[in-house]
Amino acid sequence: MSDRTAARGVITRTRKPAGIPMPAAPVELAVERATRPSATPYADACAAPEKACIETWSAALNLRALLAEHGSNVWVVSEAQLLANLNSWTRIAGAPEHVLFPVKANPSPAVLELLAAAGASAECASPAEILLARLAGFPNARIAYNSPAADLSTAWKLLVAGGTVVADSCEFLAAIDEQATAAREAGDAPALGQLLVRVNPAIDIRYRKCEAWSELTSHAKKTGKFGIPAEEVVDAVASLRTLRVTGLHAHVGTQMDHVEPFVQLAAHLGEIADAIADRTGVLPTLLDLGGGLGIPFASTDEFPSIDALGHALASALDPRFTYLFEPGHALVGNAVALLGSVVSVKNVRGKRWTIADVGTDQLAKITLLSWHHPVLGPDGHTLATSGNDALGGPLCFSGDTLLPATDTSSLKVGDPMLVQHAGAYCASLASTFNGRRSGGTVVLRANGAIERTTPRASGLDEPLARGHAWSALAAMHETRMPLALDVIAPLSSKVLREDLCAERFAYIAATSEGTHAYEFEFAVSSPVGFVSMPLAIRLAGDAAIVSTLRMLGYATKAFPVWGTSLDLRMSKQIATNEPVRVRIELSHAAQREGPKSRRLAVRFTMRGDAVAGDAASGSFEIMFDEAGAGC
Ligand SMILES: Cc1ncc(COP(=O)(O)O)c(C=O)c1O
């Protein structure tokens, strides 16, 4: 068993059958709540600290070696920390699938894949997030869709596919019920997933310590835009013609600094569920208490630990209900750090400014909410948060200051530095200001191995670089005139037009690494003597098709598989007088239109033996329809 599997085993020990559970019906309503045992298996004897601390895994990293190997501006994901956090949440929630990771907090495939493999669920706010979750391996039964701007058709399809939909308004609830009614009247009554209602609580949910940013992060305000007012929920649910609401949800807000709001919310949602049962005879048994548990950004910050929340909830949860949680910060926040380096040191009126090459383009919460992250110097020690120096980012913007008061005497140009607690709402809020690109992602595996999962982005990834003012450029040269074909002909490439049609390839060897990675060796003949771009597409394309069909267990290619997008970079030439090696890595297959229609992401690299390293790399999006006509 690999270490990765071993780590997963720890998580899965407490697992129940996959999927956000169907509430049992008919629901028993008569038991006295006060006499019931705790709803969670949470161990009260747990000796975990009451206060959440700054993580310690990143201080143990060899930052100089990491910088030398992977360069600067790189996200570092700790598998062990992420899975330990999920374990803590699982202790409260009873099963990993009751922990719904909000994809908005960190949509990095590295994070999503770890959580999907560990059995967690995904909370998505858009069709794009649903696709990312599916490609990372979350099955529909472990995907929830919750948005104040939900798309009806996306929601209906997910519900039909067995997923969870959270209705954020009476209007949306009525619309999706109408959809279900129309389907029923048309004789179509599919088994559906879970339908929850987002409640705008009627209770006062407050931070213990009111900060300048509290207004922006409090998501359960009575005057806010989220959810159906608590006092309207029973009527809204009772008025449904076809659908049955199986649960209630609310989210207290981000960076909640005490446990009381979660306890209050559990009781409040329980009361609303009881009122629904009184009116309709059916108790919604899923209570989704949302996310919101805060994490510290300074050692002086006071936030309850996940275990402290578990203790507080242990006696407050009612065993008639299944509780779901949606931790963003408190699941991924301390499991990712951002590696940077010092690019300059300068003096401005006697103040030393040390300038790093990571900044608020990736750490936007510093700008939005003034949350300064802890920063480690090259030796793993935390930089001070007082002193006469400042640590600035690289951007042309004054607010781009990582530490406004610190001591940078230990830092010199070229040194590594590491921004801690950068896992939540950093990559997902990152901008491309000043033409900045991410250096990609590496994952620190639970067994200590470091694996690069996302490559460094290049200037060509800049969407604006592809968005010239084309029509204005064309309008500068308005005169249209025909070009004679005998003018064109001598300019055209005979190689592309004719010679490359003679390119041929044959498989010489193939290996698989599990079901998602494959390596192929090709014998190639080409009139130009190297792998041309069209040939690279054919080689990688065919290898991707073979890999996809193999992953899905097909023995023959009995239906069409086609590409819908391609990204190809060729950095070195690969000679064709030697074998060409192609490595293919596949995402999970996500469902597309019908049940047999799928899409998946493919990453490929290509190399020859003469030149070290990958010579070409890229990705495809591949689609196929298993019910297709075949080719
Ligand atoms: C509905 C919902 N659930 C969960 C979260 C996660 O919040 P946090 O990262 O504070 O735990 C958010 C964040 O805004 C949210 O909107």
# chains A, B, ... in the order shown; residues from 1 in each chain; ligands from 1

$ residues_around --residues "Ser525 in chain A" --least-positions-apart "2" --cutoff "8 Å" --atoms "only C-alpha atoms" --output "mmCIF file with C-alpha atoms, in the first residue's frame"
data_model
loop_
_atom_site.group_PDB
_atom_site.id
_atom_site.type_symbol
_atom_site.label_atom_id
_atom_site.label_comp_id
_atom_site.auth_asym_id
_atom_site.auth_seq_id
_atom_site.Cartn_x
_atom_site.Cartn_y
_atom_site.Cartn_z
ATOM 1 C CA GLU A 503 4.326 11.407 -41.283
ATOM 2 C CA ARG A 504 3.726 8.023 -39.675
ATOM 3 C CA PHE A 505 3.912 6.651 -36.162
ATOM 4 C CA ALA A 523 8.626 4.896 -33.647
ATOM 5 C CA PRO A 527 10.106 13.843 -43.891
ATOM 6 C CA GLY A 529 13.230 14.684 -39.288
ATOM 7 C CA THR A 576 12.405 11.381 -35.221
ATOM 8 C CA ASN A 577 15.425 9.086 -35.686
#

$ closest_atom_pairs --of "chain A" --to "ligand 1" --cutoff "7 Å" --atoms "only C-alpha atoms and all ligand atoms" --output "CSV"
residue,atom,partner,partner_atom_place_in_ligand_line,distance
A:Pro102,CA,ligand 1,4 (C),5.4
A:Ala105,CA,ligand 1,9 (O),6.0
A:Asn146,CA,ligand 1,1 (C),6.6
A:His251,CA,ligand 1,1 (C),5.5
A:Gly253,CA,ligand 1,10 (O),5.9
A:Thr254,CA,ligand 1,10 (O),3.3
A:Gln255,CA,ligand 1,10 (O),5.3
A:Gly290,CA,ligand 1,3 (N),4.8
A:Gly291,CA,ligand 1,11 (O),3.7
A:Gly292,CA,ligand 1,10 (O),3.3
A:Leu293,CA,ligand 1,11 (O),5.3
A:Gly294,CA,ligand 1,10 (O),6.3
A:Glu326,CA,ligand 1,4 (C),4.7
A:Pro327,CA,ligand 1,11 (O),3.9
A:Gly328,CA,ligand 1,9 (O),3.2
A:His329,CA,ligand 1,9 (O),4.0
A:Ala330,CA,ligand 1,11 (O),5.9
A:Ala424,CA,ligand 1,9 (O),6.6

$ write_last_selection --atoms "N, CA and C atoms" --output "PDB file, in the first residue's frame"
ATOM      1  N   PRO A 102     -15.974  23.987   0.174  1.00  0.00           N
ATOM      2  CA  PRO A 102     -16.402  25.029  -0.770  1.00  0.00           C
ATOM      3  C   PRO A 102     -15.307  25.250  -1.821  1.00  0.00           C
ATOM      4  N   ALA A 105     -13.123  28.302  -2.147  1.00  0.00           N
ATOM      5  CA  ALA A 105     -12.009  28.588  -1.235  1.00  0.00           C
ATOM      6  C   ALA A 105     -10.671  28.251  -1.875  1.00  0.00           C
ATOM      7  N   ASN A 146     -24.833  25.551  -4.661  1.00  0.00           N
ATOM      8  CA  ASN A 146     -25.421  26.556  -3.779  1.00  0.00           C
ATOM      9  C   ASN A 146     -24.951  27.919  -4.224  1.00  0.00           C
ATOM     10  N   HIS A 251     -25.070  29.815   6.561  1.00  0.00           N
ATOM     11  CA  HIS A 251     -23.613  29.992   6.693  1.00  0.00           C
ATOM     12  C   HIS A 251     -23.386  31.265   7.499  1.00  0.00           C
ATOM     13  N   GLY A 253     -20.828  33.058   8.214  1.00  0.00           N
ATOM     14  CA  GLY A 253     -19.912  34.100   7.730  1.00  0.00           C
ATOM     15  C   GLY A 253     -18.493  33.661   7.960  1.00  0.00           C
ATOM     16  N   THR A 254     -17.597  34.339   7.291  1.00  0.00           N
ATOM     17  CA  THR A 254     -16.204  33.909   7.303  1.00  0.00           C
ATOM     18  C   THR A 254     -15.451  34.424   8.524  1.00  0.00           C
ATOM     19  N   GLN A 255     -14.426  33.660   8.945  1.00  0.00           N
ATOM     20  CA  GLN A 255     -13.544  34.018  10.065  1.00  0.00           C
ATOM     21  C   GLN A 255     -14.325  34.242  11.360  1.00  0.00           C
ATOM     22  N   GLY A 290     -23.007  25.108   7.322  1.00  0.00           N
ATOM     23  CA  GLY A 290     -22.144  26.000   6.550  1.00  0.00           C
ATOM     24  C   GLY A 290     -20.702  25.953   7.008  1.00  0.00           C
ATOM     25  N   GLY A 291     -19.957  26.977   6.569  1.00  0.00           N
ATOM     26  CA  GLY A 291     -18.545  27.079   6.970  1.00  0.00           C
ATOM     27  C   GLY A 291     -18.401  28.220   7.947  1.00  0.00           C
ATOM     28  N   GLY A 292     -17.239  28.839   7.928  1.00  0.00           N
ATOM     29  CA  GLY A 292     -17.085  30.069   8.694  1.00  0.00           C
ATOM     30  C   GLY A 292     -16.125  30.016   9.855  1.00  0.00           C
ATOM     31  N   LEU A 293     -15.717  28.805  10.280  1.00  0.00           N
ATOM     32  CA  LEU A 293     -14.792  28.781  11.419  1.00  0.00           C
ATOM     33  C   LEU A 293     -13.479  29.447  10.994  1.00  0.00           C
ATOM     34  N   GLY A 294     -13.041  30.434  11.788  1.00  0.00           N
ATOM     35  CA  GLY A 294     -11.869  31.214  11.403  1.00  0.00           C
ATOM     36  C   GLY A 294     -10.558  30.508  11.695  1.00  0.00           C
ATOM     37  N   GLU A 326     -19.338  23.028   5.975  1.00  0.00           N
ATOM     38  CA  GLU A 326     -18.718  23.505   4.733  1.00  0.00           C
ATOM     39  C   GLU A 326     -17.473  24.343   5.036  1.00  0.00           C
ATOM     40  N   PRO A 327     -16.480  23.775   5.681  1.00  0.00           N
ATOM     41  CA  PRO A 327     -15.326  24.588   6.068  1.00  0.00           C
ATOM     42  C   PRO A 327     -14.431  24.941   4.879  1.00  0.00           C
ATOM     43  N   GLY A 328     -14.142  26.213   4.727  1.00  0.00           N
ATOM     44  CA  GLY A 328     -13.182  26.666   3.720  1.00  0.00           C
ATOM     45  C   GLY A 328     -11.857  26.957   4.422  1.00  0.00           C
ATOM     46  N   HIS A 329     -11.814  28.099   5.107  1.00  0.00           N
ATOM     47  CA  HIS A 329     -10.594  28.462   5.838  1.00  0.00           C
ATOM     48  C   HIS A 329     -10.099  27.340   6.730  1.00  0.00           C
ATOM     49  N   ALA A 330     -11.026  26.764   7.532  1.00  0.00           N
ATOM     50  CA  ALA A 330     -10.598  25.813   8.553  1.00  0.00           C
ATOM     51  C   ALA A 330     -10.360  24.416   7.987  1.00  0.00           C
ATOM     52  N   ALA A 424      -6.769  29.450   1.633  1.00  0.00           N
ATOM     53  CA  ALA A 424      -8.170  29.790   1.377  1.00  0.00           C
ATOM     54  C   ALA A 424      -8.293  31.169   0.754  1.00  0.00           C
TER      55      ALA A 424
END

$ residues_around --residues "Gly137 in chain A" --least-positions-apart "3" --cutoff "6 Å" --atoms "only C-alpha atoms" --output "VMD selection string"
chain A and resid 116 134 588

$ select_by_dssp --residues "range 216-440 of chain A" --states "helix (DSSP H, G or I)" --output "ChimeraX atom specification"
/A:216-217,230-238,260-280,306-314,329-335,364-369,433-435

$ residues_around --residues "Gly423 in chain A" --least-positions-apart "2" --cutoff "7 Å" --atoms "only C-alpha atoms" --output "short mmCIF file (atom, residue, chain, number, x, y, z; two decimals) with N, CA and C atoms, in the first residue's frame"
data_model
loop_
_atom_site.label_atom_id
_atom_site.label_comp_id
_atom_site.auth_asym_id
_atom_site.auth_seq_id
_atom_site.Cartn_x
_atom_site.Cartn_y
_atom_site.Cartn_z
N ASN A 106 -10.64 27.18 -2.67
CA ASN A 106 -9.40 26.83 -3.38
C ASN A 106 -9.71 25.81 -4.47
N VAL A 332 -8.74 24.20 4.45
CA VAL A 332 -7.61 24.30 3.53
C VAL A 332 -6.66 25.46 3.86
N GLY A 333 -7.12 26.38 4.72
CA GLY A 333 -6.35 27.61 4.96
C GLY A 333 -4.92 27.37 5.38
N ASN A 334 -4.70 26.46 6.34
CA ASN A 334 -3.34 26.25 6.84
C ASN A 334 -2.63 25.10 6.13
N ALA A 335 -3.26 24.56 5.07
CA ALA A 335 -2.67 23.42 4.37
C ALA A 335 -1.92 23.86 3.10
N VAL A 336 -1.91 25.16 2.82
CA VAL A 336 -1.20 25.66 1.63
C VAL A 336 -0.37 26.87 2.04
N ALA A 337 0.86 26.94 1.53
CA ALA A 337 1.72 28.11 1.75
C ALA A 337 2.20 28.59 0.39
N HIS A 421 -0.47 29.96 5.72
CA HIS A 421 -1.94 30.06 5.76
C HIS A 421 -2.49 30.73 4.49
N TYR A 425 -9.00 31.23 -0.34
CA TYR A 425 -9.31 32.50 -1.03
C TYR A 425 -8.04 33.26 -1.42
N CYS A 426 -7.00 32.55 -1.78
CA CYS A 426 -5.78 33.21 -2.29
C CYS A 426 -5.67 32.87 -3.77
#

$ atom_distance --atom1 "CA of Val74 in chain A" --atom2 "CA of Ile574 in chain A"
28.8 Å

$ residues_around --residues "Ile276 in chain A" --least-positions-apart "2" --cutoff "12 Å" --atoms "only C-alpha atoms" --output "PyMOL selection string"
chain A and resi 29+197+230-239+244-248+269-274+278-285

$ closest_residue --among "A:Thr242, A:Thr223, A:Leu152, A:Ile203" --to "Ala189 in chain A" --atoms "only C-alpha atoms"
A:Thr242

$ residues_around --residues "range 508-518 of chain A" --least-positions-apart "6" --cutoff "12 Å" --atoms "only C-alpha atoms" --output "JSON, numbers by chain"
{"A": [2, 135, 136, 137, 524, 540, 543, 544, 545, 546, 547, 548, 549, 550, 551, 552, 553, 578, 579, 580, 581, 582, 583, 584, 585, 586, 587, 588, 589, 600, 601, 602, 603, 604, 605]}

$ write_last_selection --atoms "N, CA and C atoms" --output "mmCIF file, in the first residue's frame"
data_model
loop_
_atom_site.group_PDB
_atom_site.id
_atom_site.type_symbol
_atom_site.label_atom_id
_atom_site.label_comp_id
_atom_site.auth_asym_id
_atom_site.auth_seq_id
_atom_site.Cartn_x
_atom_site.Cartn_y
_atom_site.Cartn_z
ATOM 1 N N SER A 2 0.652 2.188 -0.930
ATOM 2 C CA SER A 2 1.464 3.395 -0.955
ATOM 3 C C SER A 2 1.140 4.264 0.246
ATOM 4 N N LEU A 135 -14.187 16.710 -12.455
ATOM 5 C CA LEU A 135 -12.909 16.297 -13.046
ATOM 6 C C LEU A 135 -11.935 15.831 -11.969
ATOM 7 N N ALA A 136 -12.097 16.367 -10.755
ATOM 8 C CA ALA A 136 -11.201 15.960 -9.661
ATOM 9 C C ALA A 136 -11.655 14.645 -9.038
ATOM 10 N N GLY A 137 -12.839 14.166 -9.419
ATOM 11 C CA GLY A 137 -13.257 12.846 -8.950
ATOM 12 C C GLY A 137 -14.394 12.835 -7.951
ATOM 13 N N VAL A 524 8.738 6.855 -35.046
ATOM 14 C CA VAL A 524 8.130 7.913 -35.848
ATOM 15 C C VAL A 524 8.931 8.102 -37.124
ATOM 16 N N ALA A 540 0.015 12.844 -29.330
ATOM 17 C CA ALA A 540 -0.595 13.031 -28.003
ATOM 18 C C ALA A 540 -2.084 12.711 -28.060
ATOM 19 N N ALA A 543 -2.557 8.905 -28.182
ATOM 20 C CA ALA A 543 -2.193 8.341 -26.867
ATOM 21 C C ALA A 543 -3.261 8.696 -25.826
ATOM 22 N N ALA A 544 -3.841 9.888 -25.958
ATOM 23 C CA ALA A 544 -4.886 10.301 -25.006
ATOM 24 C C ALA A 544 -6.145 9.451 -25.198
ATOM 25 N N ILE A 545 -6.476 9.158 -26.459
ATOM 26 C CA ILE A 545 -7.660 8.331 -26.732
ATOM 27 C C ILE A 545 -7.457 6.917 -26.179
ATOM 28 N N VAL A 546 -6.272 6.355 -26.467
ATOM 29 C CA VAL A 546 -5.968 5.002 -25.969
ATOM 30 C C VAL A 546 -6.062 4.992 -24.437
ATOM 31 N N SER A 547 -5.473 6.003 -23.804
ATOM 32 C CA SER A 547 -5.444 6.047 -22.331
ATOM 33 C C SER A 547 -6.857 6.167 -21.771
ATOM 34 N N THR A 548 -7.659 7.029 -22.404
ATOM 35 C CA THR A 548 -9.027 7.246 -21.916
ATOM 36 C C THR A 548 -9.840 5.957 -21.994
ATOM 37 N N LEU A 549 -9.759 5.296 -23.151
ATOM 38 C CA LEU A 549 -10.545 4.076 -23.329
ATOM 39 C C LEU A 549 -10.068 2.989 -22.371
ATOM 40 N N ARG A 550 -8.758 2.949 -22.178
ATOM 41 C CA ARG A 550 -8.177 1.954 -21.267
ATOM 42 C C ARG A 550 -8.654 2.236 -19.831
ATOM 43 N N MET A 551 -8.623 3.531 -19.445
ATOM 44 C CA MET A 551 -9.048 3.892 -18.092
ATOM 45 C C MET A 551 -10.500 3.465 -17.857
ATOM 46 N N LEU A 552 -11.304 3.596 -18.927
ATOM 47 C CA LEU A 552 -12.729 3.292 -18.764
ATOM 48 C C LEU A 552 -13.049 1.813 -19.019
ATOM 49 N N GLY A 553 -12.017 1.028 -19.308
ATOM 50 C CA GLY A 553 -12.205 -0.422 -19.412
ATOM 51 C C GLY A 553 -12.657 -0.910 -20.774
ATOM 52 N N GLU A 578 14.872 8.677 -33.370
ATOM 53 C CA GLU A 578 14.935 7.977 -32.081
ATOM 54 C C GLU A 578 13.501 7.861 -31.565
ATOM 55 N N PRO A 579 13.271 6.964 -30.598
ATOM 56 C CA PRO A 579 11.893 6.817 -30.106
ATOM 57 C C PRO A 579 11.382 8.107 -29.482
ATOM 58 N N VAL A 580 10.095 8.360 -29.659
ATOM 59 C CA VAL A 580 9.449 9.530 -29.045
ATOM 60 C C VAL A 580 8.601 9.019 -27.889
ATOM 61 N N ARG A 581 8.805 9.621 -26.721
ATOM 62 C CA ARG A 581 8.078 9.149 -25.521
ATOM 63 C C ARG A 581 6.987 10.148 -25.152
ATOM 64 N N VAL A 582 5.803 9.620 -24.939
ATOM 65 C CA VAL A 582 4.656 10.478 -24.595
ATOM 66 C C VAL A 582 4.060 9.982 -23.282
ATOM 67 N N ARG A 583 3.906 10.912 -22.348
ATOM 68 C CA ARG A 583 3.255 10.561 -21.072
ATOM 69 C C ARG A 583 1.880 11.233 -21.048
ATOM 70 N N ILE A 584 0.885 10.463 -20.672
ATOM 71 C CA ILE A 584 -0.493 10.971 -20.620
ATOM 72 C C ILE A 584 -1.011 10.862 -19.197
ATOM 73 N N GLU A 585 -1.614 11.932 -18.698
ATOM 74 C CA GLU A 585 -2.270 11.867 -17.388
ATOM 75 C C GLU A 585 -3.716 12.319 -17.552
ATOM 76 N N LEU A 586 -4.620 11.576 -16.941
ATOM 77 C CA LEU A 586 -6.050 11.828 -17.155
ATOM 78 C C LEU A 586 -6.713 12.312 -15.877
ATOM 79 N N SER A 587 -7.642 13.244 -16.037
ATOM 80 C CA SER A 587 -8.486 13.606 -14.889
ATOM 81 C C SER A 587 -9.558 12.521 -14.753
ATOM 82 N N HIS A 588 -10.448 12.679 -13.815
ATOM 83 C CA HIS A 588 -11.627 11.819 -13.793
ATOM 84 C C HIS A 588 -12.534 12.264 -14.943
ATOM 85 N N ALA A 589 -13.415 11.383 -15.382
ATOM 86 C CA ALA A 589 -14.344 11.757 -16.444
ATOM 87 C C ALA A 589 -15.558 12.428 -15.816
ATOM 88 N N LEU A 600 -13.306 14.950 -20.297
ATOM 89 C CA LEU A 600 -12.228 14.871 -19.323
ATOM 90 C C LEU A 600 -11.033 15.686 -19.775
ATOM 91 N N ALA A 601 -10.207 16.039 -18.817
ATOM 92 C CA ALA A 601 -9.011 16.816 -19.100
ATOM 93 C C ALA A 601 -7.828 15.873 -19.186
ATOM 94 N N VAL A 602 -6.946 16.133 -20.149
ATOM 95 C CA VAL A 602 -5.784 15.281 -20.373
ATOM 96 C C VAL A 602 -4.545 16.168 -20.353
ATOM 97 N N ARG A 603 -3.525 15.731 -19.631
ATOM 98 C CA ARG A 603 -2.265 16.468 -19.666
ATOM 99 C C ARG A 603 -1.240 15.565 -20.338
ATOM 100 N N PHE A 604 -0.409 16.133 -21.216
ATOM 101 C CA PHE A 604 0.608 15.289 -21.840
ATOM 102 C C PHE A 604 1.971 15.969 -21.823
ATOM 103 N N THR A 605 2.999 15.136 -21.830
ATOM 104 C CA THR A 605 4.358 15.627 -22.038
ATOM 105 C C THR A 605 4.991 14.724 -23.073
#
